[in-house]
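Accompanying notes for the structure given below.
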Amino acid sequence: MDFEHSPHTRALREQLTAFMDAHVYPAERIVHEQAAASGHTAVAPVIEELKARAKAEGLWNLFLPDSEHGAGLNNSDYAPLAELMGRSPIGPEVFNCSAPDSGNMEILARYGTVAQQDRWLTPLLEGRIRSCFSMTEPGVASSDATNIEAEIRRDGDHYVVNGRKWWTSGITDPRCELIIFMGKTNAATEDKYRQQSMLLIPRDAPGVRIVRNLQVFGWDDAPHGHSEVVYEDVRVPVENILLGEDRGFEIAQGRLGPGRIHHCMRLVGRAERCLELMCARSKERVAFGKPIANQTVTMERIAQARVLIDQCRLLTLHAAWKMDTVGIKGARKEIAMIKVAAPSMACQVIDWAIQAHGAAGLSQDFILARSYAQARGLRIADGPDEVHRNQIARLELADH
């Protein structure tokens, strides 16, 4: 593997770095203030301003590998860019590369019909609308996707949807117009991986009802949010099926591979920035007669943080390279490994940074508390650690 970035990636990194320094970091506090002023019900205007600026500068849809819709970057090219964008909580959205839209755009580009792409993919690519992904259910262990119970039933020229989902992130966003819904169309078949389908549901379809908004360690991420949603006799045309009946699990597997590279590299970027904050804070604060940076325990933590971040970055870049060279299936072990390593690494580094900041690290004055909540959440949201460790072990045993 060659760890040297391509000339195109190096140029984009320089452009992204300059954009983040000039526009994104200074806007973080403005976003917080504008959101608070609206009661966290409206999108901060500065976000849309930054999106327009990023689009004008060509820093747009960088995650898509095809040159028609994106920048023509493979996973290895995009990974270091995801790291830069992930340094800020608002970074990915500014460049139209945030979840769940990025994964939804990928599957629409890969599996959608021309009509589906015209209706949903084009406005998503342009940043005019947003979307959500509705799979996880409160009634079953959704870490095993074959457990889902929501029903998609054919009725003439329509499908009728019934079920209860939660952690449907983004459905409360006022710009959300599309729900990608996973349910069972063929619960009777013995092949548990051919029971599910994915359906495109308009956000305003009758029968879609938000039960409540959910918080992550007290953060509600409004107006984007995470919600529990009930679907009661929701009717959508049969042409809204993605790829075909009983192929939902296949789509889900294709969606998750690149998304894990994105998540993990964004976590590397966030951990890197939190380490920078930790170093700056520990040098300027004096306790017990000397700067915190000169305390041995602080030096140990800074050193270990550097080791952990660099290990995880290299591991994730290696997984990206494997995906580019042997495909998602051939890189299953590496993808599972970074999913275990990256959130745990970020949680540890951010925790040390919080400790160095003292009480300030717990507040909204720094990105640390929110970053910890996001990193800890990903140890579940992107598949529980236990599931990925089991997969790693099975693949390792098969090699012997």
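Within each chain, counting starts at residue 1; across the structure tokens, chains are named A, B, ... in the order shown, with ligands numbered 1 upward in that order.
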
>> Using only C-alpha atoms, which protein or nucleic acid residues come within 12 Å of region 237-242 of chain A? Drop anything in the same chain fewer than 2 positions from it, and give the result as a ChimeraX atom specification.
In response: /A:104,107-117,119-120,152-161,178-183,185,196-202,205,234-235,244-252

Considering only strand (DSSP E or B) as DSSP defines it on the backbone, what residues of region 92-198 of chain A qualify? List them as an mmCIF file with N, CA and C atoms, in the first residue's frame.
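File selection07.cif, as written:
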data_model
loop_
_atom_site.group_PDB
_atom_site.id
_atom_site.type_symbol
_atom_site.label_atom_id
_atom_site.label_comp_id
_atom_site.auth_asym_id
_atom_site.auth_seq_id
_atom_site.Cartn_x
_atom_site.Cartn_y
_atom_site.Cartn_z
ATOM 1 N N ARG A 130 -33.084 17.298 2.350
ATOM 2 C CA ARG A 130 -32.355 16.306 3.120
ATOM 3 C C ARG A 130 -33.206 15.048 3.223
ATOM 4 N N SER A 131 -32.642 14.008 3.836
ATOM 5 C CA SER A 131 -33.316 12.707 3.869
ATOM 6 C C SER A 131 -33.022 12.017 5.191
ATOM 7 N N CYS A 132 -33.677 10.884 5.419
ATOM 8 C CA CYS A 132 -33.409 10.092 6.613
ATOM 9 C C CYS A 132 -33.459 8.614 6.248
ATOM 10 N N PHE A 133 -32.958 7.778 7.157
ATOM 11 C CA PHE A 133 -32.890 6.334 6.946
ATOM 12 C C PHE A 133 -33.574 5.674 8.128
ATOM 13 N N SER A 134 -34.621 4.909 7.875
ATOM 14 C CA SER A 134 -35.478 4.376 8.934
ATOM 15 C C SER A 134 -35.390 2.851 8.940
ATOM 16 N N GLU A 151 -43.648 -4.012 8.451
ATOM 17 C CA GLU A 151 -44.226 -4.721 7.309
ATOM 18 C C GLU A 151 -44.374 -3.812 6.090
ATOM 19 N N ILE A 152 -43.984 -4.353 4.942
ATOM 20 C CA ILE A 152 -44.259 -3.722 3.651
ATOM 21 C C ILE A 152 -45.109 -4.720 2.865
ATOM 22 N N ARG A 153 -46.374 -4.372 2.680
ATOM 23 C CA ARG A 153 -47.327 -5.309 2.060
ATOM 24 C C ARG A 153 -47.805 -4.751 0.717
ATOM 25 N N ARG A 154 -47.745 -5.607 -0.310
ATOM 26 C CA ARG A 154 -48.211 -5.199 -1.636
ATOM 27 C C ARG A 154 -49.740 -5.174 -1.664
ATOM 28 N N ASP A 155 -50.301 -4.076 -2.206
ATOM 29 C CA ASP A 155 -51.745 -3.931 -2.360
ATOM 30 C C ASP A 155 -52.011 -3.275 -3.708
ATOM 31 N N HIS A 158 -49.788 -0.342 -5.079
ATOM 32 C CA HIS A 158 -49.171 0.348 -3.955
ATOM 33 C C HIS A 158 -48.578 -0.662 -2.975
ATOM 34 N N TYR A 159 -47.667 -0.158 -2.141
ATOM 35 C CA TYR A 159 -47.237 -0.874 -0.950
ATOM 36 C C TYR A 159 -47.845 -0.173 0.258
ATOM 37 N N VAL A 160 -48.241 -0.973 1.254
ATOM 38 C CA VAL A 160 -48.767 -0.436 2.501
ATOM 39 C C VAL A 160 -47.761 -0.749 3.603
ATOM 40 N N VAL A 161 -47.360 0.288 4.345
ATOM 41 C CA VAL A 161 -46.295 0.176 5.334
ATOM 42 C C VAL A 161 -46.867 0.343 6.736
ATOM 43 N N ASN A 162 -46.494 -0.573 7.622
ATOM 44 C CA ASN A 162 -46.863 -0.479 9.033
ATOM 45 C C ASN A 162 -45.669 -0.884 9.888
ATOM 46 N N GLY A 163 -45.410 -0.116 10.938
ATOM 47 C CA GLY A 163 -44.309 -0.450 11.833
ATOM 48 C C GLY A 163 -43.923 0.719 12.697
ATOM 49 N N ARG A 164 -43.017 0.444 13.620
ATOM 50 C CA ARG A 164 -42.497 1.474 14.526
ATOM 51 C C ARG A 164 -40.974 1.466 14.449
ATOM 52 N N LYS A 165 -40.396 2.613 14.199
ATOM 53 C CA LYS A 165 -38.944 2.760 14.099
ATOM 54 C C LYS A 165 -38.473 3.788 15.116
ATOM 55 N N TRP A 166 -37.184 3.728 15.450
ATOM 56 C CA TRP A 166 -36.607 4.825 16.218
ATOM 57 C C TRP A 166 -35.177 5.082 15.775
ATOM 58 N N TRP A 167 -34.602 6.165 16.300
ATOM 59 C CA TRP A 167 -33.299 6.649 15.848
ATOM 60 C C TRP A 167 -33.299 6.915 14.342
ATOM 61 N N THR A 168 -34.440 7.403 13.857
ATOM 62 C CA THR A 168 -34.526 7.856 12.466
ATOM 63 C C THR A 168 -33.997 9.283 12.436
ATOM 64 N N SER A 169 -32.707 9.399 12.173
ATOM 65 C CA SER A 169 -32.019 10.690 12.281
ATOM 66 C C SER A 169 -32.330 11.574 11.086
ATOM 67 N N CYS A 176 -36.137 17.879 5.283
ATOM 68 C CA CYS A 176 -36.239 16.452 4.984
ATOM 69 C C CYS A 176 -37.479 16.180 4.128
ATOM 70 N N GLU A 177 -37.269 15.535 2.982
ATOM 71 C CA GLU A 177 -38.378 15.206 2.092
ATOM 72 C C GLU A 177 -38.427 13.726 1.727
ATOM 73 N N LEU A 178 -37.434 12.956 2.163
ATOM 74 C CA LEU A 178 -37.375 11.543 1.781
ATOM 75 C C LEU A 178 -37.031 10.668 2.969
ATOM 76 N N ILE A 179 -37.775 9.562 3.114
ATOM 77 C CA ILE A 179 -37.471 8.518 4.080
ATOM 78 C C ILE A 179 -37.102 7.259 3.299
ATOM 79 N N ILE A 180 -35.931 6.701 3.559
ATOM 80 C CA ILE A 180 -35.617 5.373 3.031
ATOM 81 C C ILE A 180 -35.926 4.385 4.150
ATOM 82 N N PHE A 181 -36.901 3.543 3.894
ATOM 83 C CA PHE A 181 -37.505 2.689 4.917
ATOM 84 C C PHE A 181 -37.165 1.239 4.636
ATOM 85 N N MET A 182 -36.754 0.510 5.682
ATOM 86 C CA MET A 182 -36.458 -0.910 5.538
ATOM 87 C C MET A 182 -37.497 -1.718 6.312
ATOM 88 N N GLY A 183 -38.155 -2.627 5.605
ATOM 89 C CA GLY A 183 -39.155 -3.484 6.227
ATOM 90 C C GLY A 183 -39.202 -4.826 5.536
ATOM 91 N N LYS A 184 -40.086 -5.695 6.015
ATOM 92 C CA LYS A 184 -40.177 -7.051 5.473
ATOM 93 C C LYS A 184 -41.305 -7.144 4.447
ATOM 94 N N GLN A 196 -36.272 -8.793 3.436
ATOM 95 C CA GLN A 196 -36.393 -7.352 3.600
ATOM 96 C C GLN A 196 -36.361 -6.610 2.270
ATOM 97 N N SER A 197 -36.985 -5.449 2.264
ATOM 98 C CA SER A 197 -36.933 -4.546 1.111
ATOM 99 C C SER A 197 -36.733 -3.123 1.608
ATOM 100 N N MET A 198 -36.274 -2.274 0.692
ATOM 101 C CA MET A 198 -36.167 -0.847 0.991
ATOM 102 C C MET A 198 -37.116 -0.076 0.104
#

> Which neighbours of region 330-346 of chain A fall inside 7 Å, counting only C-alpha atoms, when residues of the same chain fewer than 6 positions from it are skipped, and could you give them as a list of chain:residue names?
Replying inline: A:Gly257, A:Arg260, A:Cys264, A:Leu267, A:Val268, A:Ala271, A:Leu308, A:Ile309, A:Cys312, A:Leu315, A:Thr316, A:Ala319, A:Lys322, A:Met323, A:Ala375, A:Arg376, A:Leu378, A:Arg379, A:Asp385, A:His388, A:Ile392, A:Leu395

How would you write, as a compact mmCIF listing (two decimals) with N, CA and C atoms, in the first residue's frame, the set of residues in region 45-233 of chain A that DSSP gives as alpha helix (DSSP H)?
# COMPACT_ATOMS: atom_id res chain seq x y z
N PRO A 45 -29.25 29.88 9.48
CA PRO A 45 -29.01 30.47 8.15
C PRO A 45 -27.56 30.38 7.70
N VAL A 46 -26.62 30.47 8.64
CA VAL A 46 -25.21 30.45 8.25
C VAL A 46 -24.84 29.12 7.59
N ILE A 47 -25.54 28.04 7.94
CA ILE A 47 -25.26 26.74 7.31
C ILE A 47 -25.53 26.82 5.82
N GLU A 48 -26.66 27.37 5.44
CA GLU A 48 -27.00 27.47 4.02
C GLU A 48 -26.04 28.42 3.30
N GLU A 49 -25.59 29.45 3.99
CA GLU A 49 -24.61 30.37 3.38
C GLU A 49 -23.30 29.65 3.11
N LEU A 50 -22.86 28.84 4.07
CA LEU A 50 -21.61 28.10 3.90
C LEU A 50 -21.74 27.04 2.82
N LYS A 51 -22.90 26.40 2.73
CA LYS A 51 -23.12 25.41 1.68
C LYS A 51 -22.99 26.05 0.30
N ALA A 52 -23.58 27.21 0.14
CA ALA A 52 -23.49 27.90 -1.15
C ALA A 52 -22.05 28.26 -1.48
N ARG A 53 -21.30 28.68 -0.48
CA ARG A 53 -19.90 29.05 -0.70
C ARG A 53 -19.06 27.81 -1.05
N ALA A 54 -19.29 26.71 -0.33
CA ALA A 54 -18.54 25.48 -0.60
C ALA A 54 -18.86 24.95 -1.99
N LYS A 55 -20.12 25.02 -2.37
CA LYS A 55 -20.52 24.55 -3.70
C LYS A 55 -19.86 25.38 -4.78
N ALA A 56 -19.82 26.70 -4.57
CA ALA A 56 -19.20 27.59 -5.55
C ALA A 56 -17.71 27.33 -5.70
N ASN A 75 -12.09 5.49 -2.33
CA ASN A 75 -12.11 5.54 -0.86
C ASN A 75 -10.80 6.07 -0.28
N SER A 76 -9.69 5.67 -0.88
CA SER A 76 -8.39 6.13 -0.38
C SER A 76 -8.22 7.63 -0.59
N ASP A 77 -8.75 8.14 -1.70
CA ASP A 77 -8.66 9.57 -1.97
C ASP A 77 -9.56 10.38 -1.03
N TYR A 78 -10.75 9.84 -0.76
CA TYR A 78 -11.72 10.59 0.02
C TYR A 78 -11.42 10.55 1.52
N ALA A 79 -10.84 9.47 2.01
CA ALA A 79 -10.64 9.29 3.44
C ALA A 79 -9.95 10.48 4.12
N PRO A 80 -8.83 10.98 3.59
CA PRO A 80 -8.19 12.12 4.27
C PRO A 80 -9.02 13.39 4.21
N LEU A 81 -9.91 13.50 3.23
CA LEU A 81 -10.79 14.66 3.16
C LEU A 81 -11.88 14.55 4.22
N ALA A 82 -12.39 13.32 4.43
CA ALA A 82 -13.37 13.09 5.49
C ALA A 82 -12.78 13.44 6.84
N GLU A 83 -11.50 13.16 7.03
CA GLU A 83 -10.85 13.51 8.29
C GLU A 83 -10.90 15.02 8.53
N LEU A 84 -10.61 15.78 7.50
CA LEU A 84 -10.64 17.24 7.65
C LEU A 84 -12.04 17.74 7.95
N MET A 85 -13.02 17.26 7.21
CA MET A 85 -14.40 17.70 7.42
C MET A 85 -14.91 17.31 8.79
N GLY A 91 -18.99 20.51 9.86
CA GLY A 91 -18.21 20.38 8.64
C GLY A 91 -18.86 19.54 7.56
N PRO A 92 -19.24 18.29 7.84
CA PRO A 92 -19.77 17.44 6.77
C PRO A 92 -20.99 18.02 6.06
N GLU A 93 -21.90 18.66 6.81
CA GLU A 93 -23.10 19.21 6.16
C GLU A 93 -22.75 20.36 5.24
N VAL A 94 -21.76 21.15 5.60
CA VAL A 94 -21.37 22.30 4.77
C VAL A 94 -20.95 21.85 3.37
N ASP A 101 -27.51 11.50 4.66
CA ASP A 101 -27.69 11.83 3.24
C ASP A 101 -26.64 11.19 2.34
N SER A 102 -25.39 11.14 2.81
CA SER A 102 -24.34 10.60 1.95
C SER A 102 -24.63 9.14 1.62
N GLY A 103 -24.99 8.34 2.62
CA GLY A 103 -25.32 6.94 2.36
C GLY A 103 -26.56 6.80 1.49
N ASN A 104 -27.55 7.66 1.71
CA ASN A 104 -28.77 7.60 0.90
C ASN A 104 -28.49 7.98 -0.55
N MET A 105 -27.64 8.97 -0.75
CA MET A 105 -27.29 9.36 -2.11
C MET A 105 -26.51 8.24 -2.81
N GLU A 106 -25.66 7.57 -2.05
CA GLU A 106 -24.89 6.46 -2.64
C GLU A 106 -25.82 5.36 -3.14
N ILE A 107 -26.82 4.99 -2.33
CA ILE A 107 -27.67 3.89 -2.77
C ILE A 107 -28.63 4.33 -3.87
N LEU A 108 -29.04 5.59 -3.86
CA LEU A 108 -29.88 6.08 -4.97
C LEU A 108 -29.07 6.12 -6.27
N ALA A 109 -27.80 6.53 -6.17
CA ALA A 109 -26.96 6.56 -7.36
C ALA A 109 -26.67 5.16 -7.88
N ARG A 110 -26.55 4.20 -6.95
CA ARG A 110 -26.18 2.83 -7.33
C ARG A 110 -27.38 1.98 -7.72
N TYR A 111 -28.49 2.13 -6.99
CA TYR A 111 -29.61 1.22 -7.17
C TYR A 111 -30.89 1.89 -7.67
N VAL A 114 -34.10 5.75 -12.93
CA VAL A 114 -33.95 7.12 -13.43
C VAL A 114 -35.00 8.03 -12.80
N ALA A 115 -36.24 7.54 -12.70
CA ALA A 115 -37.31 8.35 -12.11
C ALA A 115 -37.02 8.64 -10.63
N GLN A 116 -36.54 7.63 -9.90
CA GLN A 116 -36.20 7.84 -8.49
C GLN A 116 -35.06 8.82 -8.33
N THR A 122 -31.29 14.04 -7.42
CA THR A 122 -30.87 15.35 -7.94
C THR A 122 -30.99 16.45 -6.89
N PRO A 123 -32.14 16.60 -6.21
CA PRO A 123 -32.20 17.65 -5.18
C PRO A 123 -31.29 17.39 -3.98
N LEU A 124 -31.03 16.11 -3.66
CA LEU A 124 -30.08 15.81 -2.60
C LEU A 124 -28.67 16.22 -2.99
N LEU A 125 -28.30 15.91 -4.22
CA LEU A 125 -26.98 16.29 -4.71
C LEU A 125 -26.81 17.80 -4.74

>> Calculated over only C-alpha atoms, which of the candidates A:Ile350, A:Ser98, A:His8, A:Pro291 has the smallest distance to Ala373 (chain A)?
In response: A:Ile350

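Comparing the minimum interatomic distances between Ser227 (chain A) and each of A:Ala287, A:Thr146, A:Ala188, A:Met135, counting only C-alpha atoms, we find that A:Met135 sits nearest.
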